[in-house]
Structures are given as structure tokens and as C-alpha cells.
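Shown next: structure_31.tsv, given as TSV, C-alpha atoms and all ligand atoms.
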```
chain	number	residue	atom	x	y	z
A	1	MET	CA	-147.35	205.06	219.11
A	2	ALA	CA	-149.60	206.48	221.79
A	3	THR	CA	-148.11	208.76	224.39
A	4	ALA	CA	-149.26	209.89	227.79
A	5	VAL	CA	-149.68	213.55	226.85
A	6	GLU	CA	-153.21	214.79	226.38
A	7	TYR	CA	-154.03	217.29	223.68
A	8	SER	CA	-155.69	220.25	225.33
A	9	PRO	CA	-155.84	223.33	223.13
A	10	ARG	CA	-154.94	226.49	225.04
A	11	GLN	CA	-154.06	228.82	222.28
A	12	HIS	CA	-154.56	231.90	224.47
A	13	GLU	CA	-151.61	230.89	226.65
A	14	THR	CA	-149.03	230.48	223.91
A	15	GLU	CA	-147.73	234.03	224.23
A	16	GLN	CA	-146.35	233.15	227.64
A	17	ILE	CA	-144.28	230.23	226.42
A	18	THR	CA	-140.68	230.50	225.33
A	19	ALA	CA	-139.38	227.13	224.28
A	20	HIS	CA	-135.62	226.63	224.38
A	21	VAL	CA	-133.97	224.11	222.12
A	22	LEU	CA	-130.70	222.91	223.62
A	23	TRP	CA	-128.92	221.24	220.73
A	24	MET	CA	-125.92	219.13	221.68
A	25	THR	CA	-123.47	218.52	218.84
A	26	THR	CA	-121.17	216.86	221.36
A	27	GLY	CA	-121.93	213.29	220.32
A	28	LEU	CA	-119.71	211.17	218.09
A	29	SER	CA	-120.66	213.09	215.01
A	30	CYS	CA	-119.64	215.20	212.04
A	31	GLU	CA	-122.20	217.96	212.80
A	32	GLY	CA	-123.69	217.35	209.38
A	33	ASP	CA	-127.21	217.51	210.78
A	34	SER	CA	-126.72	221.03	212.15
A	35	VAL	CA	-125.12	222.17	208.92
A	36	ALA	CA	-127.94	220.58	206.89
A	37	MET	CA	-130.56	222.25	209.07
A	38	THR	CA	-129.31	225.69	208.06
A	39	SER	CA	-130.65	225.00	204.55
A	40	ALA	CA	-134.18	224.15	205.72
A	41	THR	CA	-136.93	226.07	203.95
A	42	ASN	CA	-140.17	224.51	205.11
A	43	PRO	CA	-140.02	225.82	207.74
A	44	SER	CA	-136.69	227.58	207.71
A	45	LEU	CA	-134.59	228.10	210.77
A	46	GLU	CA	-135.07	231.85	210.35
A	47	ASP	CA	-138.86	231.41	210.31
A	48	ILE	CA	-138.72	229.58	213.63
A	49	ILE	CA	-136.26	231.89	215.36
A	50	GLN	CA	-137.89	235.10	214.18
A	51	GLY	CA	-141.36	233.92	215.11
A	52	VAL	CA	-142.99	234.50	211.73
A	53	ILE	CA	-145.06	231.31	211.87
A	54	PRO	CA	-148.57	232.29	212.97
A	55	GLY	CA	-149.42	231.21	216.49
A	56	MET	CA	-146.06	229.63	217.16
A	57	PRO	CA	-144.59	230.31	220.58
A	58	ARG	CA	-141.21	232.00	220.84
A	59	VAL	CA	-138.32	229.62	220.26
A	60	VAL	CA	-134.67	230.10	221.22
A	61	ILE	CA	-132.25	227.67	219.60
A	62	HIS	CA	-128.90	227.05	221.27
A	63	ASN	CA	-126.61	225.36	218.78
A	64	GLN	CA	-122.91	226.06	218.47
A	65	VAL	CA	-123.03	225.99	214.67
A	66	ILE	CA	-125.26	229.08	214.60
A	67	ALA	CA	-124.43	230.74	217.94
A	68	PHE	CA	-122.65	234.07	218.36
A	69	GLU	CA	-121.74	233.34	221.98
A	70	VAL	CA	-118.68	231.32	222.87
A	71	GLY	CA	-117.18	229.75	225.98
A	72	ASP	CA	-118.84	230.36	229.34
A	73	GLU	CA	-121.44	232.64	227.82
A	74	TYR	CA	-122.54	229.93	225.37
A	75	ILE	CA	-122.66	227.09	227.88
A	76	GLN	CA	-124.66	229.06	230.47
A	77	ALA	CA	-127.98	227.93	228.93
A	78	TRP	CA	-127.13	224.33	229.74
A	79	TYR	CA	-126.51	225.16	233.38
A	80	ASP	CA	-129.69	227.22	233.44
A	81	ALA	CA	-131.66	224.27	232.08
A	82	GLU	CA	-130.15	222.00	234.67
A	83	GLN	CA	-131.23	224.42	237.41
A	84	GLY	CA	-134.77	224.56	236.05
A	85	LYS	CA	-134.48	228.13	234.77
A	86	LEU	CA	-135.40	227.18	231.19
A	87	ASP	CA	-138.80	225.61	231.01
A	88	PRO	CA	-139.92	224.10	228.75
A	89	PHE	CA	-136.86	223.02	226.84
A	90	VAL	CA	-136.25	220.42	224.15
A	91	LEU	CA	-132.96	218.55	224.37
A	92	VAL	CA	-131.66	217.72	220.90
A	93	VAL	CA	-128.81	215.25	220.57
A	94	GLU	CA	-126.70	215.02	217.43
A	95	GLY	CA	-124.12	212.26	217.15
A	96	SER	CA	-123.99	208.91	218.86
A	97	VAL	CA	-123.46	208.35	222.56
A	98	GLY	CA	-120.15	206.65	223.37
A	99	ASN	CA	-119.90	204.11	226.16
A	100	GLU	CA	-117.87	206.05	228.72
A	101	GLU	CA	-117.43	202.85	230.74
A	102	ILE	CA	-114.88	201.71	228.17
A	103	ASN	CA	-113.07	205.02	227.58
A	104	GLY	CA	-109.78	203.89	229.08
A	105	GLU	CA	-107.92	206.88	230.48
A	106	GLY	CA	-109.86	209.54	228.55
A	107	HIS	CA	-113.31	210.53	227.38
A	108	TRP	CA	-115.13	209.90	224.13
A	109	THR	CA	-116.87	213.27	224.23
A	110	GLY	CA	-116.72	216.52	226.18
A	111	PHE	CA	-118.65	219.78	226.43
A	112	GLY	CA	-117.61	222.19	229.18
A	113	VAL	CA	-115.44	221.44	232.18
A	114	ASN	CA	-116.49	219.99	235.48
A	115	PRO	CA	-115.26	222.50	238.11
A	116	SER	CA	-114.98	219.82	240.77
A	117	ASN	CA	-112.34	217.76	238.96
A	118	GLY	CA	-111.29	219.81	235.94
A	119	GLN	CA	-112.44	217.01	233.62
A	120	PRO	CA	-114.63	217.40	230.52
A	121	ILE	CA	-118.35	216.92	230.99
A	122	THR	CA	-119.27	214.09	228.67
A	123	LEU	CA	-122.36	213.91	226.49
A	124	ASN	CA	-123.54	211.06	228.70
A	125	GLU	CA	-123.35	213.23	231.78
A	126	TRP	CA	-125.21	216.05	230.05
A	127	ILE	CA	-127.97	213.64	229.02
A	128	ASP	CA	-128.13	212.31	232.59
A	129	ARG	CA	-128.41	215.86	233.94
A	130	LEU	CA	-130.89	217.25	231.42
A	131	ALA	CA	-133.09	214.42	230.13
A	132	PRO	CA	-135.14	214.17	233.35
A	133	LYS	CA	-135.95	217.89	233.06
A	134	ALA	CA	-136.54	218.07	229.31
A	135	ALA	CA	-140.06	218.39	227.94
A	136	ALA	CA	-138.86	216.37	224.95
A	137	VAL	CA	-135.68	214.68	223.81
A	138	VAL	CA	-134.99	214.57	220.10
A	139	ALA	CA	-132.30	212.47	218.41
A	140	VAL	CA	-131.29	214.03	215.09
A	141	GLY	CA	-129.36	212.08	212.49
A	142	THR	CA	-128.77	208.35	212.29
A	143	CYS	CA	-125.80	208.51	214.67
A	144	ALA	CA	-128.01	209.88	217.44
A	145	THR	CA	-131.05	207.77	216.62
A	146	TYR	CA	-129.57	204.30	216.10
A	147	GLY	CA	-125.78	204.64	216.41
A	148	GLY	CA	-125.05	205.13	212.71
A	149	ILE	CA	-121.53	205.08	211.37
A	150	PRO	CA	-119.70	205.29	214.75
A	151	ALA	CA	-121.66	202.20	215.85
A	152	MET	CA	-120.88	200.04	212.85
A	153	LYS	CA	-119.43	196.58	213.35
A	154	ASN	CA	-116.51	196.41	215.82
A	155	ASN	CA	-117.56	199.76	217.35
A	156	PRO	CA	-114.54	200.52	219.57
A	157	THR	CA	-116.30	203.38	221.37
A	158	GLY	CA	-119.41	201.34	222.21
A	159	ALA	CA	-121.37	204.01	220.30
A	160	MET	CA	-125.15	203.85	220.56
A	161	GLY	CA	-128.24	205.88	219.77
A	162	VAL	CA	-130.16	207.92	222.33
A	163	PRO	CA	-133.03	205.38	222.63
A	164	ASP	CA	-130.45	202.69	223.43
A	165	TYR	CA	-128.90	204.97	226.04
A	166	LEU	CA	-132.08	206.24	227.69
A	167	GLY	CA	-134.25	203.20	226.92
A	168	TRP	CA	-136.85	202.66	224.20
A	169	ASN	CA	-139.64	203.03	226.74
A	170	TRP	CA	-138.21	206.17	228.32
A	171	ARG	CA	-140.60	209.12	228.66
A	172	SER	CA	-139.86	212.80	229.00
A	173	LYS	CA	-141.36	215.11	231.59
A	174	ALA	CA	-144.17	215.77	229.11
A	175	GLY	CA	-144.71	212.05	228.58
A	176	LEU	CA	-143.03	211.79	225.18
A	177	PRO	CA	-140.69	209.02	224.08
A	178	VAL	CA	-137.39	209.95	222.43
A	179	VAL	CA	-138.32	211.43	219.05
A	180	CYS	CA	-136.03	210.12	216.29
A	181	ILE	CA	-135.29	211.98	213.06
A	182	PRO	CA	-132.87	209.69	211.24
A	183	GLY	CA	-130.87	210.47	208.12
A	184	CYS	CA	-127.20	210.99	207.44
A	185	PRO	CA	-127.69	213.86	207.66
A	186	ALA	CA	-131.34	214.27	208.61
A	187	GLN	CA	-133.30	215.97	205.84
A	188	PRO	CA	-133.33	219.67	206.87
A	189	ASP	CA	-137.09	220.23	206.68
A	190	ASN	CA	-137.78	216.99	208.56
A	191	THR	CA	-135.72	218.43	211.41
A	192	THR	CA	-137.25	221.90	211.52
A	193	GLU	CA	-140.79	220.61	210.95
A	194	THR	CA	-140.51	218.12	213.79
A	195	LEU	CA	-139.09	220.76	216.14
A	196	MET	CA	-141.88	223.13	215.17
A	197	TYR	CA	-144.46	220.41	215.72
A	198	LEU	CA	-143.05	219.63	219.17
A	199	VAL	CA	-143.15	223.27	220.20
A	200	PHE	CA	-146.78	223.49	219.11
A	201	HIS	CA	-147.48	220.34	221.08
A	202	LEU	CA	-145.77	221.68	224.19
A	203	ALA	CA	-147.90	224.81	223.88
A	204	GLY	CA	-151.02	222.64	223.85
A	205	MET	CA	-151.81	223.46	220.23
A	206	ALA	CA	-151.17	220.05	218.64
A	207	PRO	CA	-151.53	216.43	219.68
A	208	ALA	CA	-148.49	214.37	220.58
A	209	PRO	CA	-146.50	213.34	217.51
A	210	ASP	CA	-147.49	209.96	216.14
A	211	LEU	CA	-144.34	207.83	216.15
A	212	ASP	CA	-143.65	204.43	214.64
A	213	GLU	CA	-141.91	201.47	216.26
A	214	GLN	CA	-138.49	203.02	215.55
A	215	LEU	CA	-139.71	206.28	217.18
A	216	ARG	CA	-139.81	208.18	213.87
A	217	PRO	CA	-142.64	210.62	213.09
A	218	LYS	CA	-145.03	208.43	211.09
A	219	TRP	CA	-146.11	211.18	208.75
A	220	LEU	CA	-142.52	211.59	207.57
A	221	PHE	CA	-141.33	207.99	207.44
A	222	ASP	CA	-144.29	205.84	206.44
A	223	ARG	CA	-143.33	205.51	202.77
A	224	THR	CA	-140.40	203.80	201.14
A	225	VAL	CA	-137.98	205.62	198.87
A	226	ARG	CA	-139.35	203.58	195.96
A	227	GLU	CA	-142.91	204.67	196.76
A	228	GLY	CA	-141.92	208.33	196.44
A	229	CYS	CA	-139.22	208.09	193.77
A	230	ASN	CA	-139.62	209.85	190.46
A	231	ARG	CA	-138.01	206.81	188.77
A	232	ALA	CA	-140.51	204.28	190.12
A	233	GLY	CA	-142.55	204.34	186.89
A	234	PHE	CA	-139.52	202.99	185.08
A	235	THR	CA	-139.25	200.13	187.55
A	236	GLU	CA	-142.79	199.06	186.83
A	237	GLN	CA	-141.99	198.99	183.14
A	238	GLY	CA	-138.81	196.98	183.62
A	239	ASN	CA	-136.43	199.84	182.69
A	240	PHE	CA	-133.22	199.64	184.72
A	241	ALA	CA	-130.06	201.73	184.42
A	242	THR	CA	-126.92	199.67	183.90
A	243	GLU	CA	-124.30	202.38	184.42
A	244	TYR	CA	-124.01	205.59	186.46
A	245	GLY	CA	-125.05	208.80	184.86
A	246	SER	CA	-126.65	206.99	181.93
A	247	ASP	CA	-130.23	208.28	182.12
A	248	HIS	CA	-133.21	208.48	184.42
A	249	ARG	CA	-134.15	204.80	184.66
A	250	CYS	CA	-134.49	202.87	187.94
A	251	LEU	CA	-131.19	202.54	189.84
A	252	VAL	CA	-131.83	199.31	191.73
A	253	LYS	CA	-129.37	197.30	189.65
A	254	LEU	CA	-126.70	199.85	190.52
A	255	GLY	CA	-127.15	199.23	194.24
A	256	CYS	CA	-130.07	201.51	195.14
A	257	LYS	CA	-131.75	200.18	198.31
A	258	GLY	CA	-134.83	202.39	197.88
A	259	PRO	CA	-137.43	199.59	197.70
A	260	VAL	CA	-136.80	198.63	201.34
A	261	VAL	CA	-135.89	201.98	202.88
A	262	LYS	CA	-138.24	204.32	204.72
A	263	CYS	CA	-137.41	207.89	203.76
A	264	ASN	CA	-139.32	210.85	202.33
A	265	VAL	CA	-136.37	212.54	200.60
A	266	PRO	CA	-137.46	211.64	197.04
A	267	VAL	CA	-140.79	213.36	197.73
A	268	ARG	CA	-139.49	216.26	199.78
A	269	GLY	CA	-136.27	216.90	197.90
A	270	TRP	CA	-133.25	218.22	199.72
A	271	VAL	CA	-133.22	222.02	199.59
A	272	ASN	CA	-136.48	223.84	198.90
A	273	GLY	CA	-137.95	220.80	197.17
A	274	ILE	CA	-135.00	220.34	194.81
A	275	GLY	CA	-132.73	217.28	194.69
A	276	GLY	CA	-133.09	214.11	196.73
A	277	CYS	CA	-130.79	211.12	196.13
A	278	PRO	CA	-132.42	208.93	193.43
A	279	ASN	CA	-134.26	211.91	191.90
A	280	VAL	CA	-130.89	213.27	190.83
A	281	GLY	CA	-129.12	210.02	189.98
A	282	GLY	CA	-127.70	208.91	193.33
A	283	ILE	CA	-128.44	205.46	194.72
A	284	CYS	CA	-130.20	205.28	198.07
A	285	MET	CA	-127.77	203.96	200.67
A	286	ALA	CA	-130.44	203.54	203.36
A	287	CYS	CA	-129.03	206.25	205.62
A	288	THR	CA	-132.29	206.63	207.58
A	289	MET	CA	-132.52	203.00	208.59
A	290	PRO	CA	-131.72	201.43	211.98
A	291	GLY	CA	-129.46	198.88	210.23
A	292	PHE	CA	-127.36	201.57	208.52
A	293	PRO	CA	-124.59	201.17	207.49
A	294	ASP	CA	-123.74	197.50	208.08
A	295	LYS	CA	-126.86	195.90	206.58
A	296	TYR	CA	-126.50	197.78	203.31
A	297	MET	CA	-122.80	197.42	202.53
A	298	PRO	CA	-121.11	197.35	200.10
A	299	PHE	CA	-123.31	200.28	199.17
A	300	MET	CA	-122.83	200.05	195.42
A	301	ASP	CA	-123.53	196.33	195.15
A	302	PRO	CA	-127.14	195.52	194.29
A	303	ASP	CA	-129.08	193.61	196.85
A	304	PRO	CA	-129.46	190.00	195.56
A	305	TRP	CA	-133.22	189.99	196.14
A	306	GLY	CA	-133.57	193.46	194.68
A	307	GLU	CA	-131.76	192.27	191.58
A	308	LYS	CA	-133.95	189.19	191.28
A	309	GLY	CA	-137.04	191.38	191.60
A	310	ALA	CA	-135.68	193.72	188.93
A	311	ASP	CA	-135.04	190.79	186.57
A	312	PHE	CA	-138.55	189.55	187.15
A	313	GLN	CA	-139.95	192.96	186.20
A	314	ARG	CA	-137.58	193.20	183.27
A	315	PHE	CA	-138.43	189.87	181.70
A	316	THR	CA	-142.12	189.41	182.53
A	317	TYR	CA	-144.76	192.13	182.76
A	318	GLY	CA	-142.42	195.14	182.38
A	319	PRO	CA	-142.03	194.91	178.58
A	320	VAL	CA	-145.75	194.19	178.20
A	321	PHE	CA	-146.67	197.33	180.14
A	322	ARG	CA	-144.11	199.29	178.16
A	323	TYR	CA	-145.39	198.11	174.80
A	324	PHE	CA	-149.06	198.77	175.43
A	325	ARG	CA	-148.45	202.13	177.13
A	326	LYS	CA	-146.30	203.37	174.30
A	327	ARG	CA	-148.83	202.15	171.77
A	328	ASN	CA	-151.66	203.90	173.59
A	329	ILE	CA	-149.65	207.08	174.00
A	330	ASP	CA	-148.56	207.25	170.37
A	331	LYS	CA	-151.85	206.24	168.79
A	332	LYS	CA	-154.44	207.60	171.18
A	333	PHE	CA	-153.46	209.94	174.01
A	334	ASP	CA	-150.63	212.07	172.60
A	335	ILE	CA	-152.74	213.43	169.72
A	336	GLU	CA	-155.67	215.82	169.46
A	337	PRO	CA	-159.15	214.34	169.37
A	338	GLU	CA	-160.75	213.47	166.07
A	339	TRP	CA	-162.89	216.66	165.82
A	340	ARG	CA	-159.80	218.90	166.08
A	341	ARG	CA	-157.42	216.78	164.03
A	342	ARG	CA	-154.95	218.19	161.56
A	343	GLY	CA	-156.05	218.08	157.93
A	344	PRO	CA	-157.07	220.22	155.00
A	345	ALA	CA	-160.07	221.60	156.90
A	346	LEU	CA	-160.92	221.69	160.57
A	347	THR	CA	-164.06	219.77	161.44
A	348	SER	CA	-165.40	222.84	163.25
A	349	GLY	CA	-165.87	224.48	159.84
A	350	TYR	CA	-163.24	227.18	160.38
A	351	GLN	CA	-161.63	228.03	157.06
A	352	LYS	CA	-157.87	228.06	157.28
A	353	ARG	CA	-156.17	231.18	155.99
A	354	TRP	CA	-152.89	229.56	155.02
B	1	LIG	FE1	-122.81	213.13	210.54
B	1	LIG	FE2	-124.50	211.37	209.47
B	1	LIG	FE3	-123.78	211.13	211.98
B	1	LIG	FE4	-125.35	213.14	211.27
B	1	LIG	S1	-125.90	211.02	211.17
B	1	LIG	S2	-123.58	213.25	212.65
B	1	LIG	S3	-124.59	213.59	209.22
B	1	LIG	S4	-122.40	210.96	210.21
B	2	LIG	FE1	-130.69	208.40	202.78
B	2	LIG	FE2	-131.78	206.92	200.81
B	2	LIG	FE3	-133.17	208.87	201.96
B	2	LIG	FE4	-131.11	209.43	200.34
B	2	LIG	S1	-133.04	208.47	199.73
B	2	LIG	S2	-131.59	210.44	202.31
B	2	LIG	S3	-129.68	207.75	200.85
B	2	LIG	S4	-132.43	207.00	202.96
```
In C-alpha cells, what does this structure look like?
Ligand code: SF4
Ligand code: SF4
Amino acid sequence: MATAVEYSPRQHETEQITAHVLWMTTGLSCEGDSVAMTSATNPSLEDIIQGVIPGMPRVVIHNQVIAFEVGDEYIQAWYDAEQGKLDPFVLVVEGSVGNEEINGEGHWTGFGVNPSNGQPITLNEWIDRLAPKAAAVVAVGTCATYGGIPAMKNNPTGAMGVPDYLGWNWRSKAGLPVVCIPGCPAQPDNTTETLMYLVFHLAGMAPAPDLDEQLRPKWLFDRTVREGCNRAGFTEQGNFATEYGSDHRCLVKLGCKGPVVKCNVPVRGWVNGIGGCPNVGGICMACTMPGFPDKYMPFMDPDPWGEKGADFQRFTYGPVFRYFRKRNIDKKFDIEPEWRRRGPALTSGYQKRW
């Protein structure tokens, strides 16, 4: 998706920029995205904070999961941002936004106290105060991007994602739409990489991030789980697991939704390239998708069309592929060439000494 920001390299100015990341965990959330982010390795949180990435401007991350400050001292950055003292800053929202118009006598969320009435300042109010001044707004996790679990059917809090709250056509001060990093939680490196990219962009060192229709970075979310899964070869050959923990065959008959889910976790792994749902035997539950969770429940039931597709592969070309591949492997490719074959004498003329 094109954005209004022009890419104008000005590397020489980057030393002057300190980008603040104001990370609100105040939404309807479990804070899983913040906790997950602490395990990022590419880049790691430490790399970003300590400024070890060449050319990257200084970054200060305000997030209560990693902060030393508490109380008034911690919240001061938010007031500073509101007063224009932190510029540029990226507003990160974790957790979904409740509808405070249906909160009855209370509040769905609160962060800090409003001195004028002694009432909590809701996430909604913080977004209203800060979004117009933010260089970029990032929604992290499926709760913040599309509503996620708090917004599932019945939804008593009226929970919604940030693009629903601000508007899908909303633009930040720097001309960027809301940037969505879905996942439950968001894959740690997807989070840190996108933040790093945005900071480079705000420093004029990278073009605006290319986002898809659901406002996700295209380079992270343009492939399906199936397209990156290390079990996909078994699918093609019609090999499907029929019980959990059995072996490494395709999991689609056990309820894996990978063929229709956009997520890079099978390629990227979870921590430092290791793990990643189907790679390690877990079905994909579609946690990155806008329709999560309702459209994919019950999670462990196979999708009827997925199952039909699997049966087609299983009973038509799958066994044919399997047969000819195995035959070729056993008889042709998994043995040394003719001129180095085992036998009483090597064809090279070398006389064996045993
Ligand atoms: Fe927690 Fe998942 Fe919501 Fe993130 S998206 S706050 S991990 S429930
Ligand atoms: Fe979520 Fe599926 Fe990606 Fe795992 S593979 S993180 S369940 S979308």
C-alpha cells in the first residue's frame, strides 16, 4: 500500500534523532506480545536499545514490562509526548480497544489517573491524545490489530483493533497508516524488525513500509504457513498424520489451518530461528488472521475443505509422487556414481589395501 511519505535519504542527520517508542500494554490483553518481544534475536531488544545496529538512530523504549521506573516517573513520558516534548515517537498499542461508550459505571481499561476527576485515563483517551502527534502508530498482536480473542463473538466489551478505532484510512503525522503486526503473540523478531524498520524510515534512511490490505508488512506476511512449512513436502506426497505426536507428516487432518493462513513463523521459527508451530508438531490455529479466533474454531477440527484437499492428494497424485521419488532416490540419487561404485576394485585403478 502506498503511503504519503517520501523516501529522502539523509543519513548525516540520523545522529540528531532520538526515537521514543511509547508502548501501551493497557489494552484488553495478556501482555504476551511484550513478553514475547523480550526473546527477539533478529534484531534483539538489547541491540535496539543499546544502539549496536550500524546507522540506527537512538531508540528509547517505554514499556512497563521492561521498565525500571514506576508510578509517576514511568508515566511522565506519556505526558511529555502529549506536550510535544518527545518527537518523533512511535505509539505502540498492545491489546484490543474496548468500547468505552458501553462501559456501564466503570472503565474497560486504565493507565494513570486524570487529575481533573480522579478517574482512570482509558486506552481510548490515550490514543485520542497521542495518535495525532505520533510519527507512527503500531498495533502489536492480534488483539490490537483486529480485536483478537477479546473481540470474539458476543464481545461484551465491544473490543476492536486499532484500525477499527482510528479508521483504516487513518494516517499518522508522518503519513503512515496504522502498521499491524498480528500474531497471538506477535512473533518476536517480526515486532523488533518492524520497529527498527520504522525508526530507519523516520530517520529518512528507508522507504515507507510496504503494507498489504490488512496493514501488515508485506515482506513478513506474504506467504502462507503451508508455503513455509517444513512438512509441506509430505503434503505434496499425500502423507498426513492421523494422531498427535506421531511423526513429522502434514498436520492438516489434525486441524492445522496452515494452507490458508498468512504467517512467516514456520520460516522464521520462534526464538533465534528455532521452533515455530507446525515445525515442532503444533497445528496452526491461524492466530495472525483477521478472522481469528471465530473463523477457525473448533481449533482441533480439520477444515472440511482442507480435509477434502488432503484426501485428494492422498488418493490421487500423492502416492504416485511418493513411489517414483523413492524409486529414484533408492536406485539413482542416494548412491555413488558408477565410476566410484563399491566393488572388488575401484574404477579409478586404486588398489585397495584391505
Ligand atoms: Fe495476548 Fe494474544 Fe492478545 Fe497478544 S494478541 S495480548 S498474546 S491474547
Ligand atoms: Fe499463529 Fe499459525 Fe503462525 Fe503459529 S503458524 S504463529 S498458530 S498463524
Let me have all residues with an atom within 9 Å of ligand LIG 2 (chain B), counting all atoms listed in the file, laid out as number ranges by chain. A: 182-187, 224-226, 229, 256-258, 261-266, 270, 276-279, 282-289
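Nearest residue to Pro150 in chain A, choosing from A:Pro293, A:Pro132, A:Pro304, A:Pro88 and counting all atoms listed in the file: A:Pro293.
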Just checking: using all atoms listed in the file, which residue out of A:Ser29, A:Ala134, A:Leu215, A:Val52 ends up closest to ligand LIG 1 (chain B)?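 Using all atoms listed in the file, the shortest distance to ligand LIG 1 (chain B) belongs to A:Ser29.
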Test item: residues no farther than 9 Å from ligand LIG 1 (chain B), counting only C-alpha atoms and all ligand atoms, as JSON, numbers by chain: {"A": [25, 27, 28, 29, 30, 31, 32, 33, 34, 35, 36, 94, 95, 96, 140, 141, 142, 143, 144, 145, 147, 148, 149, 150, 182, 183, 184, 185, 186, 287, 288]}
Residue contacts of Asp164 in chain A (12 Å, all atoms listed in the file) excluding same-chain residues fewer than 4 positions away, as a VMD selection string: chain A and resid 96 to 99 139 143 to 147 151 158 to 160 168 to 170 178 180 214 to 215 290
Just to be explicit: take each residue in the selection above, keep C-alpha atoms, and write the result as a CSV table (one decimal), in the frame of the given file.
```
chain,number,residue,atom,x,y,z
A,96,SER,CA,-124.0,208.9,218.9
A,97,VAL,CA,-123.5,208.4,222.6
A,98,GLY,CA,-120.2,206.6,223.4
A,99,ASN,CA,-119.9,204.1,226.2
A,139,ALA,CA,-132.3,212.5,218.4
A,143,CYS,CA,-125.8,208.5,214.7
A,144,ALA,CA,-128.0,209.9,217.4
A,145,THR,CA,-131.0,207.8,216.6
A,146,TYR,CA,-129.6,204.3,216.1
A,147,GLY,CA,-125.8,204.6,216.4
A,151,ALA,CA,-121.7,202.2,215.8
A,158,GLY,CA,-119.4,201.3,222.2
A,159,ALA,CA,-121.4,204.0,220.3
A,160,MET,CA,-125.2,203.8,220.6
A,168,TRP,CA,-136.8,202.7,224.2
A,169,ASN,CA,-139.6,203.0,226.7
A,170,TRP,CA,-138.2,206.2,228.3
A,178,VAL,CA,-137.4,210.0,222.4
A,180,CYS,CA,-136.0,210.1,216.3
A,214,GLN,CA,-138.5,203.0,215.6
A,215,LEU,CA,-139.7,206.3,217.2
A,290,PRO,CA,-131.7,201.4,212.0
```
Enclosing box along x, y and z for every listed atom of range 73-91 of chain A, padded 8 Å each side, centre and size in Å, one decimal, as lines of an AutoDock Vina configuration file:
```
center_x = -130.7
center_y = 225.6
center_z = 230.8
size_x = 34.5
size_y = 30.1
size_z = 29.3
```
Distance CA of Gly238 in chain A-CA of Lys331 in chain A, one decimal place?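 Going from CA of Gly238 in chain A over to CA of Lys331 in chain A, I get 21.8 Å.
One finds CA of Glu105 in chain A at 14.3 Å from CA of Pro156 in chain A.
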Using all atoms listed in the file, which residue out of A:Met152, A:Val65, A:Ala206, A:Ala232 lies closest to Lys295 in chain A?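 Closest to Lys295 in chain A, using all atoms listed in the file: A:Met152.
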At a cut-off of 12 Å around the point (-131.0, 205.9, 187.6) (file coordinates), what residues fall inside when counting all atoms listed in the file? I'd like the answer as an mmCIF file with C-alpha atoms, in the coordinates of the input.
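Produced file part-v6.cif, reproduced below:
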```
data_model
loop_
_atom_site.group_PDB
_atom_site.id
_atom_site.type_symbol
_atom_site.label_atom_id
_atom_site.label_comp_id
_atom_site.auth_asym_id
_atom_site.auth_seq_id
_atom_site.Cartn_x
_atom_site.Cartn_y
_atom_site.Cartn_z
ATOM 1 C CA CYS A 229 -139.220 208.090 193.770
ATOM 2 C CA ASN A 230 -139.620 209.850 190.460
ATOM 3 C CA ARG A 231 -138.010 206.810 188.770
ATOM 4 C CA ALA A 232 -140.510 204.280 190.120
ATOM 5 C CA GLY A 233 -142.550 204.340 186.890
ATOM 6 C CA PHE A 234 -139.520 202.990 185.080
ATOM 7 C CA THR A 235 -139.250 200.130 187.550
ATOM 8 C CA ASN A 239 -136.430 199.840 182.690
ATOM 9 C CA PHE A 240 -133.220 199.640 184.720
ATOM 10 C CA ALA A 241 -130.060 201.730 184.420
ATOM 11 C CA THR A 242 -126.920 199.670 183.900
ATOM 12 C CA GLU A 243 -124.300 202.380 184.420
ATOM 13 C CA TYR A 244 -124.010 205.590 186.460
ATOM 14 C CA GLY A 245 -125.050 208.800 184.860
ATOM 15 C CA SER A 246 -126.650 206.990 181.930
ATOM 16 C CA ASP A 247 -130.230 208.280 182.120
ATOM 17 C CA HIS A 248 -133.210 208.480 184.420
ATOM 18 C CA ARG A 249 -134.150 204.800 184.660
ATOM 19 C CA CYS A 250 -134.490 202.870 187.940
ATOM 20 C CA LEU A 251 -131.190 202.540 189.840
ATOM 21 C CA VAL A 252 -131.830 199.310 191.730
ATOM 22 C CA LYS A 253 -129.370 197.300 189.650
ATOM 23 C CA LEU A 254 -126.700 199.850 190.520
ATOM 24 C CA GLY A 255 -127.150 199.230 194.240
ATOM 25 C CA CYS A 256 -130.070 201.510 195.140
ATOM 26 C CA GLY A 258 -134.830 202.390 197.880
ATOM 27 C CA CYS A 277 -130.790 211.120 196.130
ATOM 28 C CA PRO A 278 -132.420 208.930 193.430
ATOM 29 C CA ASN A 279 -134.260 211.910 191.900
ATOM 30 C CA VAL A 280 -130.890 213.270 190.830
ATOM 31 C CA GLY A 281 -129.120 210.020 189.980
ATOM 32 C CA GLY A 282 -127.700 208.910 193.330
ATOM 33 C CA ILE A 283 -128.440 205.460 194.720
ATOM 34 C CA CYS A 284 -130.200 205.280 198.070
#
```
Pick the closest to Trp108 in chain A from A:Ala67, A:Thr26, A:Pro54, A:Tyr197: which is it, counting all atoms listed in the file?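 So, comparing all the options, the nearest one is A:Thr26.
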